[in-house]
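**Q** A single structure is presented below for examination.
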Amino acid sequence: MKYTSSKGLLFNEQDKHNKDDLLIISIADNSTQQSPLGNMNNDNTKPIADGILTQENVSVTGTSSVPVGDQVLLPVAPTNNATTNTSSAPFPHEASSNTTVKEDNNQRDNNSIPNFQRYEGVVIVTKVLKGEDTYRVSRMLCFLQHGYNDRTQYDILVFTTMPWKKEEIAKVQEVVAPAKLTVAVEGPPLEEQVAAMTAEEKEFLYKRCGIGEGQNITWYNYCTEEGSNNLSNLGYAWQAEFRSYHIWNHDAIKGYKYMMWFDSDSLVGRTWDKDPMQVMVEKDLVILYAAFPYGSLRHPLVKEKMEKVYNKSICSIFPTPEKTLYPRFCDGKLPMKMNQIGGYHHITNLEVYRKPIHQKFLKDFVGDYRFSRLYDDQIAVTIPAIMEQDTRVPGIPRVVGESGSFADLNLRIAHHGRFGGKGGELAPVRPDGMYNSLKDSWPGLADRCGKYFK
C-alpha cells in the first residue's frame, strides 16, 4: 500500500517506520500523523514535509518507545522525565583568542543570583546542518544553561538538516539535563526534495549551483542567483529559507508560544540577573531583540511583496533612545533602506508570526523557487514584527531591544567577536577564548562547562 504526504511524495507502507521517512509517530496513541511543513512558495512548487522528531535517553510516563532504525521517535508534548547518558568527552580544541573579557562584578556573588518564574510555552531553539556540529551546540548550550536555563529548565529544540547519531544526541542531552531536548530533522533529504521538483525547477537549481550532467547535488554546493551578490552553499541558503518561513509552523515547535533563538555560535557571557522572558510576557512584546541595526535591505521586490500583503511598505526603521523600533512607511518620496534586526539571538512571539497575514507575506518573501538566497532571514523576522506593532495600541512598544532602558536587560551575548552586535564591546571570537577569559571570574563556569573546552 502507498500513501501520500501533504507534499505529494509517495511512501511505501512497509517503509512507514524507516528513520528517513517524513512522519511523526505519536507514541501515546500509537498512531502515525502526516506532518506538513506548510505550502511552499507558489502553487506550482510542492510543499515539503516535516522531519523526524527525535530525543534520546528519555522515558515518557504511560508510553513505550518505538525504535526506528538507530533513533527513537517521541511525542512533541513536553515532559520532564529526562534521564541522561553519563558518557562524555572533550570536544575538539579550537584556537584561542587573545581578547580579554572585562570582569562583570555581578557574577562574583552566587548568593545574589535570583530565581525566575518558569513561563509556559517557552522553547530554546537553535539550528545546525549535521550531527558533527554537536560540539559547537554543546558549548553554546552549556554557557546558556549556566547563565540562565539551569534555573528555568525550558525545553530545548535543535533543528538539523541531516539526522544525528544516537551518541551525538546523548552528548547534548548530557549538557542540558534535566531539561528536555528534542532534535528535529527539518525535512526530507535533499535528494528527495530535488526528486519532487519539476524538470524546470531542477534545471534552474542545477544551473544556479553549477551542477553538470551526471553530477549529484549536495548541501555543500555553492550557488549563485541573478540579482544577488550572495554566494552561499545550499545548506546555508536552506537555513535562510527555513528560518524565514517554515520554522513557525514546524511540528516540533507548534506546541510552543515563545521561541528563544540562539545561533549555535553565540555565547552567553554572564549570569543573568533579570529574566528576558518576564519582560517578553509582561510587556506583551512581539520580539525582544539583541542587536540593531544588523545589516540593511534595499531590494525593491521586497517593497512590492509588502504592499501586496499589507497594502503598505516600510522604507526605513529607526530606533528610539530606549531601543524600541518604529517604521517610516513609504510615501512615494522616501528611498528604501531598511535596517534589520540581528538574527543571532532574539525572542519571538510565535503566535504573531503564525497569523495568516504574516504567513502570507513570509510565504511570498522566500521567493518563487526553492533555496533562494536573495533575501535574509533577519529581514524576514523584522518586517512582520514592525507590521504587527503598527496594528496595536499606538505608543506602546512591541519591538524592543534587550539592552535599552525599556527592557533594561544586560544579557551579554557574544557573537562574531562582539557583545550586543556591531559596535558593542569586543568579545573573544573563539569559544575556547571566551571560556578561558571567563572561567576564573564567573563562579561555577569551570565546573559546569570545563569538560567541553581545553
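Labels used: A, B, ... for chains in the order of the C-alpha cells, numbers from 1 for residues in each chain, and numbers from 1 for ligands as shown.
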Name the residues in contact with A:Pro327 at a cut-off of 10 Å, using only C-alpha atoms, excluding same-chain residues fewer than 3 positions from it; report them as an MDAnalysis selection string.

**A** chainID A and resid 313:319 330 338 383 386:387 389:390

**Q** Restricted to N, CA and C atoms, what would the selected residues look like written as an mmCIF file, in the first residue's frame?

**A**
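Okay, selection-v1.cif is ready:
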```
data_model
loop_
_atom_site.group_PDB
_atom_site.id
_atom_site.type_symbol
_atom_site.label_atom_id
_atom_site.label_comp_id
_atom_site.auth_asym_id
_atom_site.auth_seq_id
_atom_site.Cartn_x
_atom_site.Cartn_y
_atom_site.Cartn_z
ATOM 1 N N SER A 313 4.196 49.640 2.770
ATOM 2 C CA SER A 313 5.552 49.119 2.808
ATOM 3 C C SER A 313 6.417 49.977 3.712
ATOM 4 N N ILE A 314 7.416 49.354 4.283
ATOM 5 C CA ILE A 314 8.354 50.030 5.167
ATOM 6 C C ILE A 314 9.555 50.483 4.342
ATOM 7 N N CYS A 315 9.904 51.761 4.442
ATOM 8 C CA CYS A 315 11.098 52.248 3.760
ATOM 9 C C CYS A 315 12.302 52.305 4.693
ATOM 10 N N SER A 316 12.050 52.550 5.967
ATOM 11 C CA SER A 316 13.154 52.570 6.921
ATOM 12 C C SER A 316 12.624 52.269 8.312
ATOM 13 N N ILE A 317 13.528 51.880 9.198
ATOM 14 C CA ILE A 317 13.200 51.591 10.596
ATOM 15 C C ILE A 317 14.183 52.359 11.461
ATOM 16 N N PHE A 318 13.670 53.062 12.456
ATOM 17 C CA PHE A 318 14.568 53.848 13.290
ATOM 18 C C PHE A 318 14.409 53.465 14.755
ATOM 19 N N PRO A 319 15.506 53.471 15.515
ATOM 20 C CA PRO A 319 15.445 53.169 16.949
ATOM 21 C C PRO A 319 15.254 54.436 17.772
ATOM 22 N N CYS A 330 6.694 53.937 3.436
ATOM 23 C CA CYS A 330 6.976 54.552 2.136
ATOM 24 C C CYS A 330 5.795 55.424 1.708
ATOM 25 N N MET A 338 16.103 49.631 4.559
ATOM 26 C CA MET A 338 15.509 49.079 5.760
ATOM 27 C C MET A 338 16.557 48.330 6.574
ATOM 28 N N ILE A 383 10.254 42.413 9.479
ATOM 29 C CA ILE A 383 9.079 43.033 8.858
ATOM 30 C C ILE A 383 7.765 42.662 9.549
ATOM 31 N N ILE A 386 7.406 44.591 12.905
ATOM 32 C CA ILE A 386 7.090 46.011 12.750
ATOM 33 C C ILE A 386 5.648 46.193 12.277
ATOM 34 N N MET A 387 5.232 45.373 11.333
ATOM 35 C CA MET A 387 3.861 45.470 10.829
ATOM 36 C C MET A 387 2.840 45.133 11.914
ATOM 37 N N GLN A 389 3.265 45.466 15.195
ATOM 38 C CA GLN A 389 3.261 46.559 16.165
ATOM 39 C C GLN A 389 2.369 47.707 15.688
ATOM 40 N N ASP A 390 2.347 47.942 14.384
ATOM 41 C CA ASP A 390 1.558 49.051 13.836
ATOM 42 C C ASP A 390 0.058 48.822 13.982
#
```

**Q** If we count only C-alpha atoms and set the cut-off at 9 Å, which residues sit around stretch 114-119 of chain A, ignoring sequence neighbours fewer than 2 positions away in its own chain? Please answer as a list of chain:residue names.

**A**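 The neighbour list is A:Asn111, A:Ser112, A:Gly121, A:Val122, A:Arg151, A:Thr152, A:Gln153, A:Tyr154, A:Trp272, A:Asp273, A:Lys274, A:Asp275, A:Met277, A:Gln278, A:Val281.
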
**Q** Take the selection from the previous step and output its residues with N, CA and C atoms, as a CSV table (one decimal), in the first residue's frame.

**A**
```
chain,number,residue,atom,x,y,z
A,111,ASN,N,25.3,34.1,45.8
A,111,ASN,CA,24.1,34.3,46.7
A,111,ASN,C,23.1,35.3,46.1
A,112,SER,N,23.6,36.1,45.2
A,112,SER,CA,22.7,37.2,44.6
A,112,SER,C,22.0,36.7,43.4
A,121,GLY,N,5.0,27.5,27.7
A,121,GLY,CA,5.1,27.6,26.2
A,121,GLY,C,6.4,28.2,25.7
A,122,VAL,N,7.4,28.1,26.4
A,122,VAL,CA,8.7,28.6,26.0
A,122,VAL,C,9.7,27.5,25.6
A,151,ARG,N,18.1,27.4,35.9
A,151,ARG,CA,17.1,27.9,36.8
A,151,ARG,C,15.7,27.7,36.2
A,152,THR,N,15.5,27.8,34.9
A,152,THR,CA,14.2,27.8,34.4
A,152,THR,C,13.8,26.4,33.7
A,153,GLN,N,14.9,25.7,33.2
A,153,GLN,CA,14.7,24.4,32.6
A,153,GLN,C,13.7,24.4,31.5
A,154,TYR,N,13.8,25.4,30.6
A,154,TYR,CA,13.0,25.4,29.4
A,154,TYR,C,13.4,24.3,28.4
A,272,TRP,N,22.6,35.8,34.2
A,272,TRP,CA,21.5,36.8,34.0
A,272,TRP,C,20.8,37.0,35.3
A,273,ASP,N,20.8,38.3,35.7
A,273,ASP,CA,20.2,38.7,36.9
A,273,ASP,C,18.7,39.2,36.7
A,274,LYS,N,18.4,39.4,35.5
A,274,LYS,CA,17.0,39.7,35.1
A,274,LYS,C,16.5,38.8,34.0
A,275,ASP,N,15.3,38.5,34.0
A,275,ASP,CA,14.7,37.4,33.2
A,275,ASP,C,14.1,38.1,31.9
A,277,MET,N,12.4,36.6,29.7
A,277,MET,CA,11.0,36.1,29.4
A,277,MET,C,10.0,36.9,30.2
A,278,GLN,N,10.4,37.4,31.4
A,278,GLN,CA,9.5,38.2,32.2
A,278,GLN,C,9.1,39.5,31.4
A,281,VAL,N,6.9,38.5,28.3
A,281,VAL,CA,5.5,38.1,28.6
A,281,VAL,C,4.7,39.3,29.2
```

**Q** Tell me, in Å to one decimal, how far atom CA of A:Ser244 is from atom CA of A:Thr126.

**A**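 Separating atom CA of A:Ser244 from atom CA of A:Thr126 is a distance of 13.8 Å.
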
**Q** Taking only C-alpha atoms into account, produce a table as a tab-separated table in which each residue of stretch 287-398 of chain A with an atom at most 9 Å from an atom of stretch 218-232 of chain A appears once, together with its shortest atom pair and the distance in Å to one decimal, ordered by chain and rising number.

**A**
```
residue	atom	partner	partner_atom	distance
A:Ser372	CA	A:Glu225	CA	7.8
A:Arg373	CA	A:Asn230	CA	6.9
A:Leu374	CA	A:Ser228	CA	5.7
A:Tyr375	CA	A:Ser228	CA	8.6
```

**Q** Quick one: of A:Lys207, A:Lys333, A:His345, A:Arg412, who's nearest to A:Lys127, counting only C-alpha atoms?

**A** A:His345

**Q** Please, which residues in stretch 361-454 of chain A fall within 12 Å of stretch 249-264 of chain A when counting only C-alpha atoms, and what is the closest atom pair and distance in Å to one decimal for each, ordered by chain then residue number, as CSV?

**A**
```
residue,atom,partner,partner_atom,distance
A:Leu362,CA,A:Asn249,CA,11.9
A:Lys363,CA,A:Asn249,CA,11.9
A:Val381,CA,A:Trp261,CA,11.5
A:Ile413,CA,A:Phe262,CA,9.4
A:Ala414,CA,A:Asp263,CA,10.4
A:His415,CA,A:Asp263,CA,8.5
A:His416,CA,A:Asp263,CA,10.8
A:Pro431,CA,A:Ser264,CA,10.8
```

**Q** For A:Gln359, list every protein, DNA or RNA residue within 12 Å, evaluated using only C-alpha atoms, and leave out those in the same chain fewer than 4 positions away; present the list as a ChimeraX atom specification.

**A** /A:38-41,244-249,306,309-310,350-355,363-366,380-381,383-384

**Q** Once you have the residues from the selection above, write them out as a short mmCIF file (atom, residue, chain, number, x, y, z; two decimals), in the first residue's frame, restricted to N, CA, C and O atoms.

**A**
```cif
data_model
loop_
_atom_site.label_atom_id
_atom_site.label_comp_id
_atom_site.auth_asym_id
_atom_site.auth_seq_id
_atom_site.Cartn_x
_atom_site.Cartn_y
_atom_site.Cartn_z
N GLY A 38 4.15 23.00 5.54
CA GLY A 38 3.49 24.20 5.03
C GLY A 38 3.69 24.33 3.55
O GLY A 38 4.62 23.79 2.97
N ASN A 39 2.78 25.02 2.89
CA ASN A 39 2.91 25.22 1.46
C ASN A 39 4.16 25.99 1.14
O ASN A 39 4.60 26.84 1.89
N MET A 40 4.72 25.69 -0.03
CA MET A 40 5.94 26.37 -0.42
C MET A 40 5.60 27.67 -1.10
O MET A 40 4.62 28.31 -0.81
N ASN A 41 6.39 28.07 -2.06
CA ASN A 41 6.39 29.46 -2.48
C ASN A 41 5.27 29.85 -3.45
O ASN A 41 4.86 30.99 -3.48
N SER A 244 13.09 31.78 7.69
CA SER A 244 12.19 32.83 7.25
C SER A 244 10.74 32.40 7.29
O SER A 244 9.86 33.17 7.72
N TYR A 245 10.46 31.17 6.87
CA TYR A 245 9.07 30.78 6.66
C TYR A 245 8.67 29.47 7.33
O TYR A 245 7.67 29.41 8.04
N HIS A 246 9.42 28.42 7.14
CA HIS A 246 8.97 27.09 7.55
C HIS A 246 8.98 26.86 9.06
O HIS A 246 8.20 26.06 9.57
N ILE A 247 9.87 27.53 9.75
CA ILE A 247 10.07 27.23 11.18
C ILE A 247 8.83 27.49 12.02
O ILE A 247 8.54 26.74 12.96
N TRP A 248 8.03 28.48 11.67
CA TRP A 248 6.96 28.94 12.56
C TRP A 248 5.89 27.88 12.78
O TRP A 248 5.27 27.84 13.85
N ASN A 249 5.66 27.04 11.79
CA ASN A 249 4.61 26.02 11.90
C ASN A 249 5.15 24.61 11.85
O ASN A 249 4.39 23.66 11.66
N MET A 306 5.63 43.50 0.35
CA MET A 306 4.94 44.09 1.50
C MET A 306 3.63 44.73 1.07
O MET A 306 2.59 44.53 1.71
N VAL A 309 0.70 42.32 0.38
CA VAL A 309 0.04 41.69 1.53
C VAL A 309 -0.51 42.71 2.52
O VAL A 309 -1.65 42.59 2.98
N TYR A 310 0.29 43.71 2.85
CA TYR A 310 -0.07 44.66 3.91
C TYR A 310 -0.69 45.96 3.40
O TYR A 310 -1.13 46.80 4.19
N LEU A 350 5.65 33.41 18.83
CA LEU A 350 5.36 32.55 17.68
C LEU A 350 3.95 32.73 17.16
O LEU A 350 3.70 32.63 15.95
N GLU A 351 3.02 33.02 18.06
CA GLU A 351 1.62 33.16 17.64
C GLU A 351 1.44 34.35 16.70
O GLU A 351 0.56 34.33 15.83
N VAL A 352 2.25 35.37 16.87
CA VAL A 352 2.18 36.51 15.95
C VAL A 352 2.62 36.10 14.56
O VAL A 352 1.95 36.37 13.56
N TYR A 353 3.75 35.43 14.47
CA TYR A 353 4.30 35.05 13.16
C TYR A 353 3.44 33.99 12.47
O TYR A 353 3.55 33.81 11.26
N ARG A 354 2.60 33.30 13.23
CA ARG A 354 1.70 32.31 12.64
C ARG A 354 0.41 32.91 12.11
O ARG A 354 -0.39 32.21 11.48
N LYS A 355 0.17 34.18 12.38
CA LYS A 355 -1.05 34.80 11.88
C LYS A 355 -1.10 34.71 10.36
O LYS A 355 -0.08 34.85 9.68
N LYS A 363 5.54 33.57 3.12
CA LYS A 363 5.50 32.60 2.02
C LYS A 363 5.93 33.27 0.72
O LYS A 363 6.72 32.71 -0.06
N ASP A 364 5.42 34.46 0.48
CA ASP A 364 5.81 35.19 -0.72
C ASP A 364 7.24 35.70 -0.63
O ASP A 364 7.97 35.76 -1.62
N PHE A 365 7.68 36.03 0.58
CA PHE A 365 9.00 36.58 0.80
C PHE A 365 10.11 35.61 0.38
O PHE A 365 11.13 36.03 -0.17
N VAL A 366 9.93 34.31 0.67
CA VAL A 366 11.01 33.37 0.38
C VAL A 366 11.21 33.13 -1.11
O VAL A 366 12.14 32.44 -1.51
N ALA A 380 13.29 38.91 7.37
CA ALA A 380 12.02 38.17 7.45
C ALA A 380 11.46 38.20 8.86
O ALA A 380 10.24 38.16 9.05
N VAL A 381 12.31 38.25 9.88
CA VAL A 381 11.82 38.33 11.25
C VAL A 381 11.49 39.77 11.63
O VAL A 381 10.68 40.03 12.52
N ILE A 383 10.25 42.41 9.48
CA ILE A 383 9.08 43.03 8.86
C ILE A 383 7.77 42.66 9.55
O ILE A 383 6.98 43.55 9.89
N PRO A 384 7.47 41.37 9.80
CA PRO A 384 6.21 41.06 10.48
C PRO A 384 6.11 41.70 11.87
O PRO A 384 5.02 42.10 12.29
#
```
